[in-house]
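Following: one structure in structure tokens, then a few remarks.
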Amino acid sequence: MSQPMSTDGTDGPPLTDASAWRIALPHTAAAVPIARALIRTALAEIEAPADSDTAELLTAELVANAVEHTPGDAPIELVVELLANGCQVEVHDRDPRPPAELCPRMPDPWQEHGRGLLLIRALSSSCGARPTPHGKAVWFTLPARPSAGAG
């Protein structure tokens with residue numbers, strides 16, 4: 001398994017639990033495909049019971065929002081944690097302002113943007129934002145997939 005890592009200025013200490021994973025990403029559009037690959041790898045390595053396709057999609061939305069709406073070029077941070085009933089993914093950035101789109105509202109059907117956080121609300125079991133010492137973390141949780149024998 002990849003070693004959990006933390007870089008200078010992150011919002012937490014290095015993670016030592018094998019069920020948690022943290023990495024800094026560049027504050028560029030290149031972070032989105034990197035994050036998708038990282039979440040897929042992290043969930044496979046920690047044997048997360050959550051749906052990795054949904055996790056990839058929602059992680060890409062959070063990372064894209066952080067890159068697009070956060071000023072500056074400080075790295076953003078991806079944190080993945082295995083929970084007893086699924087997984088939680090967080091994206092940390094340096095902007096303390098909460099994302100307005102977490103408030104329930106329908107996007108303008110004629111606009112190209114505004115659906116990412118709507119997807120997160122619809123496909124996750126819970127989501128939110130919280131302040132951190134260096135900005136904020138926007139997060140979502142996914143439930144465990146039903147076992148193959150269930151149903």
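Each chain of the structure tokens is named A, B, ... in the order shown, its residues numbered from 1; ligands are numbered from 1 in display order.
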
message: Would you pick out the contacts of stretch 81-96 of chain A at 9 Å or less, using only C-alpha atoms, so that residues sharing its chain but fewer than 6 positions from it are not included, and give the list as a PyMOL selection string?
response: chain A and resi 10-11+18-22+39+43+46-51+55+58-59+62-63+66-67+69-72+74-75+129-145

Those residues with C-alpha atoms, as a CSV table (one decimal), in the first residue's frame please?
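Okay, this is what ended up in out.csv:
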```csv
chain,number,residue,atom,x,y,z
A,10,THR,CA,-1.9,20.5,5.3
A,11,ASP,CA,-4.8,20.4,7.7
A,18,ALA,CA,-4.2,1.8,7.0
A,19,SER,CA,-7.8,2.7,6.5
A,20,ALA,CA,-7.1,6.4,5.8
A,21,TRP,CA,-5.1,8.1,3.0
A,22,ARG,CA,-4.0,11.7,2.4
A,39,ILE,CA,-9.4,7.6,-5.3
A,43,LEU,CA,-10.3,2.5,-2.3
A,46,ILE,CA,-7.9,-0.1,1.7
A,47,GLU,CA,-10.6,-2.5,0.4
A,48,ALA,CA,-13.3,0.1,0.9
A,49,PRO,CA,-16.8,-1.3,0.6
A,50,ALA,CA,-18.1,1.8,-1.2
A,51,ASP,CA,-18.7,2.1,-4.9
A,55,ALA,CA,-16.4,7.9,-5.5
A,58,LEU,CA,-17.9,12.8,-6.8
A,59,THR,CA,-14.2,13.3,-6.0
A,62,LEU,CA,-15.0,18.3,-5.4
A,63,VAL,CA,-11.4,18.7,-6.8
A,66,ALA,CA,-11.6,23.5,-5.4
A,67,VAL,CA,-9.4,24.3,-8.4
A,69,HIS,CA,-13.2,28.5,-7.1
A,70,THR,CA,-10.2,28.7,-4.8
A,71,PRO,CA,-7.8,31.6,-5.4
A,72,GLY,CA,-4.0,31.1,-5.4
A,74,ALA,CA,-1.5,26.5,-2.9
A,75,PRO,CA,-2.0,22.7,-3.2
A,129,ALA,CA,-18.2,21.6,4.4
A,130,ARG,CA,-16.3,22.5,7.6
A,131,PRO,CA,-13.7,25.1,8.4
A,132,THR,CA,-10.1,23.9,9.0
A,133,PRO,CA,-7.0,25.7,10.4
A,134,HIS,CA,-5.9,26.5,6.8
A,135,GLY,CA,-9.2,27.0,5.0
A,136,LYS,CA,-12.0,24.5,4.6
A,137,ALA,CA,-12.7,20.8,3.8
A,138,VAL,CA,-15.6,19.8,1.6
A,139,TRP,CA,-16.6,16.2,2.1
A,140,PHE,CA,-19.0,13.4,1.2
A,141,THR,CA,-19.7,10.0,2.5
A,142,LEU,CA,-20.7,6.9,0.5
A,143,PRO,CA,-22.5,3.9,2.0
A,144,ALA,CA,-21.1,0.4,1.7
A,145,ARG,CA,-22.2,-1.4,-1.4
```

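Residues lying within 9 Å of A:Leu119, counting only C-alpha atoms and ignoring same-chain neighbours fewer than 4 positions away, are Leu57, Leu58, Glu61, Arg115, Leu123 and Ser124 of chain A.
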
Residue subset to file, keeping N, CA, C and O atoms, as an mmCIF file, in the first residue's frame:
```
data_model
loop_
_atom_site.group_PDB
_atom_site.id
_atom_site.type_symbol
_atom_site.label_atom_id
_atom_site.label_comp_id
_atom_site.auth_asym_id
_atom_site.auth_seq_id
_atom_site.Cartn_x
_atom_site.Cartn_y
_atom_site.Cartn_z
ATOM 1 N N LEU A 57 -16.381 9.860 -9.466
ATOM 2 C CA LEU A 57 -17.169 10.968 -10.009
ATOM 3 C C LEU A 57 -17.272 12.112 -8.999
ATOM 4 O O LEU A 57 -17.007 13.267 -9.327
ATOM 5 N N LEU A 58 -17.655 11.785 -7.773
ATOM 6 C CA LEU A 58 -17.859 12.838 -6.771
ATOM 7 C C LEU A 58 -16.549 13.486 -6.355
ATOM 8 O O LEU A 58 -16.498 14.692 -6.116
ATOM 9 N N GLU A 61 -15.618 16.000 -8.951
ATOM 10 C CA GLU A 61 -16.410 17.230 -8.798
ATOM 11 C C GLU A 61 -15.850 18.112 -7.693
ATOM 12 O O GLU A 61 -15.723 19.327 -7.862
ATOM 13 N N ARG A 115 -23.899 21.956 -11.478
ATOM 14 C CA ARG A 115 -24.494 20.652 -11.207
ATOM 15 C C ARG A 115 -23.615 19.741 -10.362
ATOM 16 O O ARG A 115 -24.078 18.716 -9.866
ATOM 17 N N LEU A 123 -25.955 11.739 -4.862
ATOM 18 C CA LEU A 123 -25.340 10.412 -4.907
ATOM 19 C C LEU A 123 -24.635 9.993 -3.622
ATOM 20 O O LEU A 123 -24.303 8.815 -3.470
ATOM 21 N N SER A 124 -24.394 10.928 -2.716
ATOM 22 C CA SER A 124 -23.718 10.579 -1.465
ATOM 23 C C SER A 124 -24.754 10.347 -0.366
ATOM 24 O O SER A 124 -25.902 10.776 -0.474
#
```

message: Between atom CA of A:Ile34 and atom CA of A:Glu68, what distance in Å does the model show, to one decimal?
response: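 Atom-to-atom, atom CA of A:Ile34 and atom CA of A:Glu68 are spaced 15.6 Å apart.
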